[in-house]
Amino acid sequence: EDILGSGRIMKKVVVEGSGKRPSKGSRVKINVQESFQEYSDIIKDEKDLEFNVGESEVLQALDLVVPLMTVGETSLIESEPDFLYGSQGDGERVPGSSKLFLRVDLLSCSRLAPPPDLPIQERDRIGNEKRTRGNFWYARGEYTQAIQCYRKAVEYLDDESIDSEVEVPIDRFLLPRPVFELLECRVKAYNNMAQAQMKLTAWDSALASIKQVCKIEPNNEKALYRKAIILKEKCKTEEAIGVLRRVTRLYPSNKLAQVELSKLLAKHRKGLEKEQSMSKKMLELSDMPVVDISKSSGRSPLTSWSSQTKLILAAVGGIGALLGAIVAKSYHLY
């Protein structure tokens with residue numbers, strides 16, 4: 001069966017299934033084996049792999065083919081590298097741009113309840129699986145997939161008691177241990193998502209993720225540093241300097257923040273000097289001569305001004321006279 005109609009992913013049923021077919025978001029369990037040829041040595045054999053269909057947790061080939069299988073089915077998938085490990089490969093195990101054969105057994109399929117309705121241990125497990133998978137995609141430079149995993153992770157790494165009982169950040173230490181640990185992982189997921197969003201120059205989205213971190217941990221070192229970088233990229237230099245000063249005060253050993261602060265201060269200082277220089281040129285302050293009355297041979301100091309300055313003063317005087325006439329006419333003063 002040609003999955004995409006282009007011959008890039010092919011599926012052959014080895015054993016027919018008799019159960020239901022997964023849909024997007026279904027929680028499935030599979031066995032999967034990888035090999036370079038249909039009957040060559042197995043290079044990876046993974047048992048009882050669980051994931052949510054269509055949420056970028058696994059290879060794209062699996063996300064595309066598993067929804068077309070039924071529980072109990074075994075299928076052989078032949079896929080181009082774009083839907084596997086791409087041009088990067090997978091370390092020494094799979095060279096870049098390698099086509100693979102995947103033998104997949106669909107063991108089970110279930111529909112998960114909404115995250116708030118799941119037991120906290122289940123939420124913690126699934127949320128951290130998604131966060132870890134996001135880290136995998138991030139390390140490969142697949143930032144869009146990483147963001148998708150992080151975004152799903154924070155949906156599971158949440159609890160209603162967080163909003164109801166945490167009025168100020170310090171309240172988190174009063175939460176039950178399982179909820180506190182869930183919250184710690186939530187902070188990590190948001191922090192990592194911000195970093196991935198920064199890689200895609202999605203500055204507003206990254207700043208929103210950072211705000212979620214700071215709502216829980218206002219002095220989180222990574223979040224504050226990333227916030228400063230985002231503000232710098234958004235040309236909010238003074239705000240960025242303020243945040244970096246806070247980072248260097250709270251974390252004196254943070255060399256990156258110290259270097260960035262020095263660069264921004266120098267840039268800010270240079271910008272101010274440039275503005276002052278332009279202001280002087282516009283007002284001709286730099287070219288205006290110093291008049292020594294004792295050596296002016298009886299001339300008025302006004303005669304020493306440049307003709308351009310005289311012209312500006314005359315124009316200002318003319319505008320003032322015109323405005324005065326308009327006011328007088330309005331109030332019938334003549």
# chains A, B, ... in the order shown; residues from 1 in each chain; ligands from 1
$ select_by_dssp --residues "stretch 23-218 of chain A" --states "alpha helix (DSSP H)" --output "NGL selection string"
:A and (60-65 or 120-139 or 143-156 or 160-165 or 177-199 or 203-216)
$ residues_around --residues "stretch 15-21 of chain A" --least-positions-apart "3" --cutoff "8 Å" --atoms "only C-alpha atoms" --output "list of chain:residue names"
A:Pro67, A:Leu68, A:Met69, A:Thr70, A:Val71, A:Gly72, A:Glu73, A:Thr74, A:Ser75, A:Cys109
$ write_last_selection --atoms "all heavy atoms" --output "PDB file, in the first residue's frame"
ATOM      1  N   PRO A  67      -1.936   4.866  12.341  1.00  0.00           N
ATOM      2  CA  PRO A  67      -3.389   5.100  12.266  1.00  0.00           C
ATOM      3  C   PRO A  67      -4.088   4.279  11.179  1.00  0.00           C
ATOM      4  O   PRO A  67      -5.316   4.177  11.180  1.00  0.00           O
ATOM      5  CB  PRO A  67      -3.500   6.603  11.960  1.00  0.00           C
ATOM      6  CG  PRO A  67      -2.220   7.180  12.419  1.00  0.00           C
ATOM      7  CD  PRO A  67      -1.193   6.132  12.171  1.00  0.00           C
ATOM      8  N   LEU A  68      -3.303   3.681  10.271  1.00  0.00           N
ATOM      9  CA  LEU A  68      -3.879   2.861   9.202  1.00  0.00           C
ATOM     10  C   LEU A  68      -3.863   1.376   9.554  1.00  0.00           C
ATOM     11  O   LEU A  68      -4.278   0.541   8.740  1.00  0.00           O
ATOM     12  CB  LEU A  68      -3.104   3.092   7.891  1.00  0.00           C
ATOM     13  CG  LEU A  68      -3.027   4.553   7.415  1.00  0.00           C
ATOM     14  CD1 LEU A  68      -2.183   4.652   6.154  1.00  0.00           C
ATOM     15  CD2 LEU A  68      -4.426   5.105   7.172  1.00  0.00           C
ATOM     16  N   MET A  69      -3.389   1.037  10.760  1.00  0.00           N
ATOM     17  CA  MET A  69      -3.336  -0.354  11.204  1.00  0.00           C
ATOM     18  C   MET A  69      -4.499  -0.638  12.153  1.00  0.00           C
ATOM     19  O   MET A  69      -5.151   0.283  12.650  1.00  0.00           O
ATOM     20  CB  MET A  69      -1.995  -0.626  11.912  1.00  0.00           C
ATOM     21  CG  MET A  69      -0.772  -0.440  11.034  1.00  0.00           C
ATOM     22  SD  MET A  69       0.799  -0.619  11.937  1.00  0.00           S
ATOM     23  CE  MET A  69       0.729  -2.353  12.406  1.00  0.00           C
ATOM     24  N   THR A  70      -4.743  -1.903  12.398  1.00  0.00           N
ATOM     25  CA  THR A  70      -5.722  -2.316  13.401  1.00  0.00           C
ATOM     26  C   THR A  70      -5.008  -3.122  14.475  1.00  0.00           C
ATOM     27  O   THR A  70      -3.939  -3.709  14.221  1.00  0.00           O
ATOM     28  CB  THR A  70      -6.843  -3.168  12.768  1.00  0.00           C
ATOM     29  OG1 THR A  70      -6.249  -4.297  12.095  1.00  0.00           O
ATOM     30  CG2 THR A  70      -7.658  -2.355  11.793  1.00  0.00           C
ATOM     31  N   VAL A  71      -5.559  -3.124  15.689  1.00  0.00           N
ATOM     32  CA  VAL A  71      -4.932  -3.838  16.806  1.00  0.00           C
ATOM     33  C   VAL A  71      -4.764  -5.315  16.442  1.00  0.00           C
ATOM     34  O   VAL A  71      -5.691  -5.955  15.930  1.00  0.00           O
ATOM     35  CB  VAL A  71      -5.777  -3.692  18.082  1.00  0.00           C
ATOM     36  CG1 VAL A  71      -5.193  -4.543  19.207  1.00  0.00           C
ATOM     37  CG2 VAL A  71      -5.834  -2.231  18.511  1.00  0.00           C
ATOM     38  N   GLY A  72      -3.578  -5.850  16.692  1.00  0.00           N
ATOM     39  CA  GLY A  72      -3.254  -7.237  16.347  1.00  0.00           C
ATOM     40  C   GLY A  72      -2.538  -7.357  15.022  1.00  0.00           C
ATOM     41  O   GLY A  72      -2.018  -8.425  14.669  1.00  0.00           O
ATOM     42  N   GLU A  73      -2.482  -6.268  14.268  1.00  0.00           N
ATOM     43  CA  GLU A  73      -1.843  -6.295  12.942  1.00  0.00           C
ATOM     44  C   GLU A  73      -0.328  -6.176  13.058  1.00  0.00           C
ATOM     45  O   GLU A  73       0.202  -5.487  13.931  1.00  0.00           O
ATOM     46  CB  GLU A  73      -2.401  -5.148  12.094  1.00  0.00           C
ATOM     47  CG  GLU A  73      -1.796  -5.051  10.697  1.00  0.00           C
ATOM     48  CD  GLU A  73      -2.356  -3.882   9.895  1.00  0.00           C
ATOM     49  OE1 GLU A  73      -3.574  -3.589  10.025  1.00  0.00           O
ATOM     50  OE2 GLU A  73      -1.585  -3.251   9.146  1.00  0.00           O
ATOM     51  N   THR A  74       0.357  -6.843  12.152  1.00  0.00           N
ATOM     52  CA  THR A  74       1.797  -6.682  11.967  1.00  0.00           C
ATOM     53  C   THR A  74       2.036  -6.219  10.535  1.00  0.00           C
ATOM     54  O   THR A  74       1.532  -6.843   9.587  1.00  0.00           O
ATOM     55  CB  THR A  74       2.558  -7.998  12.208  1.00  0.00           C
ATOM     56  OG1 THR A  74       2.376  -8.405  13.573  1.00  0.00           O
ATOM     57  CG2 THR A  74       4.053  -7.824  11.948  1.00  0.00           C
ATOM     58  N   SER A  75       2.754  -5.144  10.372  1.00  0.00           N
ATOM     59  CA  SER A  75       3.012  -4.596   9.038  1.00  0.00           C
ATOM     60  C   SER A  75       4.484  -4.298   8.846  1.00  0.00           C
ATOM     61  O   SER A  75       5.217  -4.013   9.804  1.00  0.00           O
ATOM     62  CB  SER A  75       2.200  -3.317   8.800  1.00  0.00           C
ATOM     63  OG  SER A  75       0.845  -3.614   8.565  1.00  0.00           O
ATOM     64  N   CYS A 109      -4.597  -0.214  21.749  1.00  0.00           N
ATOM     65  CA  CYS A 109      -5.032   1.136  21.401  1.00  0.00           C
ATOM     66  C   CYS A 109      -6.115   1.549  22.375  1.00  0.00           C
ATOM     67  O   CYS A 109      -7.050   0.786  22.634  1.00  0.00           O
ATOM     68  CB  CYS A 109      -5.544   1.158  19.966  1.00  0.00           C
ATOM     69  SG  CYS A 109      -6.445   2.645  19.522  1.00  0.00           S
TER      70      CYS A 109
END
$ residues_around --residues "A:Glu57" --least-positions-apart "5" --cutoff "12 Å" --atoms "only C-alpha atoms" --output "PyMOL selection string"
chain A and resi 25+27-28+49-52+62-64+126-137+145-153
$ write_last_selection --atoms "N, CA and C atoms" --output "CSV table (one decimal), in the first residue's frame"
chain,number,residue,atom,x,y,z
A,25,GLY,N,-4.4,11.2,18.6
A,25,GLY,CA,-4.5,11.4,20.0
A,25,GLY,C,-4.7,10.1,20.8
A,27,ARG,N,-3.8,6.6,22.5
A,27,ARG,CA,-2.6,6.0,23.1
A,27,ARG,C,-2.4,4.6,22.6
A,28,VAL,N,-1.3,4.4,22.0
A,28,VAL,CA,-1.0,3.0,21.4
A,28,VAL,C,0.2,2.4,22.0
A,49,LEU,N,6.6,0.1,23.1
A,49,LEU,CA,6.7,1.5,22.9
A,49,LEU,C,5.3,2.1,23.0
A,50,GLU,N,5.1,3.1,23.9
A,50,GLU,CA,3.9,3.8,24.0
A,50,GLU,C,4.0,5.2,23.6
A,51,PHE,N,3.0,5.7,22.9
A,51,PHE,CA,2.9,7.1,22.4
A,51,PHE,C,1.5,7.5,22.0
A,52,ASN,N,1.3,8.8,21.9
A,52,ASN,CA,0.0,9.3,21.5
A,52,ASN,C,0.2,9.6,19.9
A,62,LEU,N,6.1,6.3,11.6
A,62,LEU,CA,5.2,5.7,12.5
A,62,LEU,C,3.9,6.4,12.7
A,63,ASP,N,4.0,7.8,12.8
A,63,ASP,CA,2.8,8.6,13.0
A,63,ASP,C,1.9,8.5,11.9
A,64,LEU,N,2.4,8.3,10.7
A,64,LEU,CA,1.6,8.2,9.5
A,64,LEU,C,1.0,6.9,9.2
A,126,ILE,N,3.4,10.7,31.4
A,126,ILE,CA,3.2,11.0,30.0
A,126,ILE,C,3.8,12.4,29.7
A,127,GLY,N,3.6,13.4,30.7
A,127,GLY,CA,4.2,14.7,30.4
A,127,GLY,C,5.7,14.7,30.3
A,128,ASN,N,6.3,13.9,31.2
A,128,ASN,CA,7.8,13.8,31.1
A,128,ASN,C,8.3,13.0,29.9
A,129,GLU,N,7.5,12.0,29.4
A,129,GLU,CA,7.8,11.3,28.2
A,129,GLU,C,7.9,12.3,27.0
A,130,LYS,N,6.8,13.2,27.0
A,130,LYS,CA,6.7,14.2,25.9
A,130,LYS,C,7.9,15.2,26.0
A,131,ARG,N,8.2,15.6,27.3
A,131,ARG,CA,9.3,16.6,27.5
A,131,ARG,C,10.6,16.0,27.0
A,132,THR,N,10.8,14.7,27.4
A,132,THR,CA,12.1,14.1,27.0
A,132,THR,C,12.2,13.9,25.5
A,133,ARG,N,11.0,13.6,24.8
A,133,ARG,CA,11.0,13.5,23.4
A,133,ARG,C,11.3,14.9,22.7
A,134,GLY,N,10.7,15.9,23.4
A,134,GLY,CA,11.0,17.3,22.9
A,134,GLY,C,12.5,17.6,22.9
A,135,ASN,N,13.2,17.1,24.0
A,135,ASN,CA,14.6,17.3,24.1
A,135,ASN,C,15.4,16.6,23.0
A,136,PHE,N,14.8,15.4,22.6
A,136,PHE,CA,15.4,14.6,21.5
A,136,PHE,C,15.4,15.4,20.2
A,137,TRP,N,14.2,16.0,19.9
A,137,TRP,CA,14.0,16.7,18.7
A,137,TRP,C,14.9,18.0,18.7
A,145,GLN,N,9.1,20.3,15.8
A,145,GLN,CA,8.7,19.1,16.5
A,145,GLN,C,8.9,19.2,18.0
A,146,ALA,N,10.0,19.8,18.4
A,146,ALA,CA,10.3,19.9,19.8
A,146,ALA,C,9.2,20.8,20.5
A,147,ILE,N,8.9,21.9,19.9
A,147,ILE,CA,7.8,22.8,20.4
A,147,ILE,C,6.5,22.0,20.6
A,148,GLN,N,6.2,21.2,19.6
A,148,GLN,CA,4.9,20.5,19.7
A,148,GLN,C,4.9,19.5,20.9
A,149,CYS,N,6.0,18.9,21.1
A,149,CYS,CA,6.1,18.0,22.2
A,149,CYS,C,6.1,18.7,23.6
A,150,TYR,N,6.8,19.8,23.7
A,150,TYR,CA,6.8,20.6,24.9
A,150,TYR,C,5.4,21.2,25.2
A,151,ARG,N,4.7,21.6,24.1
A,151,ARG,CA,3.4,22.2,24.3
A,151,ARG,C,2.4,21.1,24.8
A,152,LYS,N,2.5,19.9,24.3
A,152,LYS,CA,1.7,18.8,24.8
A,152,LYS,C,2.1,18.4,26.2
A,153,ALA,N,3.4,18.5,26.5
A,153,ALA,CA,3.9,18.1,27.8
A,153,ALA,C,3.3,19.0,28.9
$ select_by_dssp --residues "stretch 23-90 of chain A" --states "strand (DSSP E)" --output "list in words"
Arg27, Val28, Lys29, Ile30, Asn31, Val32, Gln33, Glu34, Ser35, Ile42, Ile43, Lys44, Asp45, Glu46, Lys47, Asp48, Leu49, Glu50, Phe51, Asn52, Thr74, Ser75, Leu76, Ile77, Glu78 and Ser79 of chain A
$ residues_around --residues "A:Leu207" --least-positions-apart "2" --cutoff "12 Å" --atoms "only C-alpha atoms" --output "PyMOL selection string"
chain A and resi 190-191+193-198+201-205+209-214+223-234
$ residues_around --residues "A:Val65" --least-positions-apart "4" --cutoff "12 Å" --atoms "only C-alpha atoms" --output "ChimeraX atom specification"
/A:1-4,9-13,21-24,53-54,58-61,69-70,73-79,83,102-106
$ write_last_selection --atoms "N, CA and C atoms" --output "compact mmCIF listing (two decimals), in the first residue's frame"
# COMPACT_ATOMS: atom_id res chain seq x y z
N GLU A 1 0.85 -1.20 0.00
CA GLU A 1 0.00 0.00 0.00
C GLU A 1 0.88 1.25 0.00
N ASP A 2 0.62 2.15 -0.94
CA ASP A 2 1.36 3.40 -1.06
C ASP A 2 0.67 4.44 -0.16
N ILE A 3 1.32 4.79 0.95
CA ILE A 3 0.68 5.65 1.96
C ILE A 3 0.45 7.06 1.47
N LEU A 4 1.43 7.65 0.80
CA LEU A 4 1.34 9.05 0.37
C LEU A 4 1.03 9.19 -1.12
N ILE A 9 6.58 6.13 1.18
CA ILE A 9 6.31 5.26 2.33
C ILE A 9 5.38 4.14 1.86
N MET A 10 5.86 2.92 1.96
CA MET A 10 5.09 1.76 1.53
C MET A 10 4.77 0.89 2.75
N LYS A 11 3.58 0.31 2.75
CA LYS A 11 3.13 -0.53 3.87
C LYS A 11 2.64 -1.87 3.32
N LYS A 12 3.12 -2.96 3.94
CA LYS A 12 2.69 -4.31 3.55
C LYS A 12 2.22 -5.04 4.80
N VAL A 13 0.99 -5.52 4.78
CA VAL A 13 0.44 -6.24 5.92
C VAL A 13 1.02 -7.65 5.96
N ARG A 21 -9.07 0.58 15.04
CA ARG A 21 -8.03 1.38 14.39
C ARG A 21 -7.80 2.66 15.20
N PRO A 22 -6.54 3.03 15.45
CA PRO A 22 -6.26 4.25 16.23
C PRO A 22 -6.64 5.51 15.46
N SER A 23 -6.94 6.55 16.19
CA SER A 23 -7.15 7.87 15.61
C SER A 23 -6.16 8.84 16.25
N LYS A 24 -6.12 10.05 15.76
CA LYS A 24 -5.18 11.03 16.30
C LYS A 24 -5.44 11.26 17.79
N VAL A 53 -0.74 9.00 19.19
CA VAL A 53 -0.68 9.09 17.73
C VAL A 53 -0.80 10.55 17.27
N GLY A 54 0.08 10.93 16.34
CA GLY A 54 -0.03 12.24 15.70
C GLY A 54 0.47 13.40 16.53
N VAL A 58 7.19 10.18 17.96
CA VAL A 58 7.96 9.11 17.33
C VAL A 58 8.34 9.52 15.92
N LEU A 59 9.02 8.61 15.20
CA LEU A 59 9.36 8.88 13.81
C LEU A 59 8.09 9.18 13.01
N GLN A 60 8.21 10.09 12.06
CA GLN A 60 7.04 10.52 11.30
C GLN A 60 6.42 9.35 10.53
N ALA A 61 7.25 8.41 10.10
CA ALA A 61 6.73 7.24 9.39
C ALA A 61 5.74 6.47 10.27
N MET A 69 -3.39 1.04 10.76
CA MET A 69 -3.34 -0.35 11.20
C MET A 69 -4.50 -0.64 12.15
N THR A 70 -4.74 -1.90 12.40
CA THR A 70 -5.72 -2.32 13.40
C THR A 70 -5.01 -3.12 14.47
N GLU A 73 -2.48 -6.27 14.27
CA GLU A 73 -1.84 -6.29 12.94
C GLU A 73 -0.33 -6.18 13.06
N THR A 74 0.36 -6.84 12.15
CA THR A 74 1.80 -6.68 11.97
C THR A 74 2.04 -6.22 10.53
N SER A 75 2.75 -5.14 10.37
CA SER A 75 3.01 -4.60 9.04
C SER A 75 4.48 -4.30 8.85
N LEU A 76 4.90 -4.35 7.60
CA LEU A 76 6.27 -3.99 7.23
C LEU A 76 6.21 -2.65 6.50
N ILE A 77 6.99 -1.71 6.98
CA ILE A 77 6.99 -0.35 6.41
C ILE A 77 8.35 -0.11 5.75
N GLU A 78 8.33 0.36 4.53
CA GLU A 78 9.54 0.79 3.82
C GLU A 78 9.44 2.30 3.64
N SER A 79 10.42 3.03 4.19
CA SER A 79 10.28 4.49 4.21
C SER A 79 11.55 5.20 3.75
N PHE A 83 11.23 10.68 6.45
CA PHE A 83 10.22 10.32 7.44
C PHE A 83 10.81 9.46 8.56
N LEU A 102 10.75 -0.97 8.66
CA LEU A 102 10.25 -1.06 10.03
C LEU A 102 9.19 -2.16 10.08
N ARG A 103 9.38 -3.10 11.00
CA ARG A 103 8.37 -4.13 11.24
C ARG A 103 7.62 -3.73 12.51
N VAL A 104 6.32 -3.48 12.38
CA VAL A 104 5.54 -2.91 13.48
C VAL A 104 4.42 -3.86 13.89
N ASP A 105 4.33 -4.14 15.18
CA ASP A 105 3.20 -4.89 15.76
C ASP A 105 2.37 -3.90 16.57
N LEU A 106 1.10 -3.74 16.22
CA LEU A 106 0.20 -2.88 17.00
C LEU A 106 -0.44 -3.73 18.10
$ closest_residue --among "A:Glu239, A:Glu92, A:Glu275, A:Asp124" --to "A:Asp159" --atoms "only C-alpha atoms"
A:Asp124
$ atom_distance --atom1 "atom CA of A:Gly5" --atom2 "atom CA of A:Leu100"
18.3 Å
$ closest_residue --among "A:Ala206, A:Met282, A:Val187, A:Ala240" --to "A:Pro218" --atoms "only C-alpha atoms"
A:Val187
$ atom_distance --atom1 "atom CA of A:Glu38" --atom2 "atom CA of A:Ser6"
19.9 Å
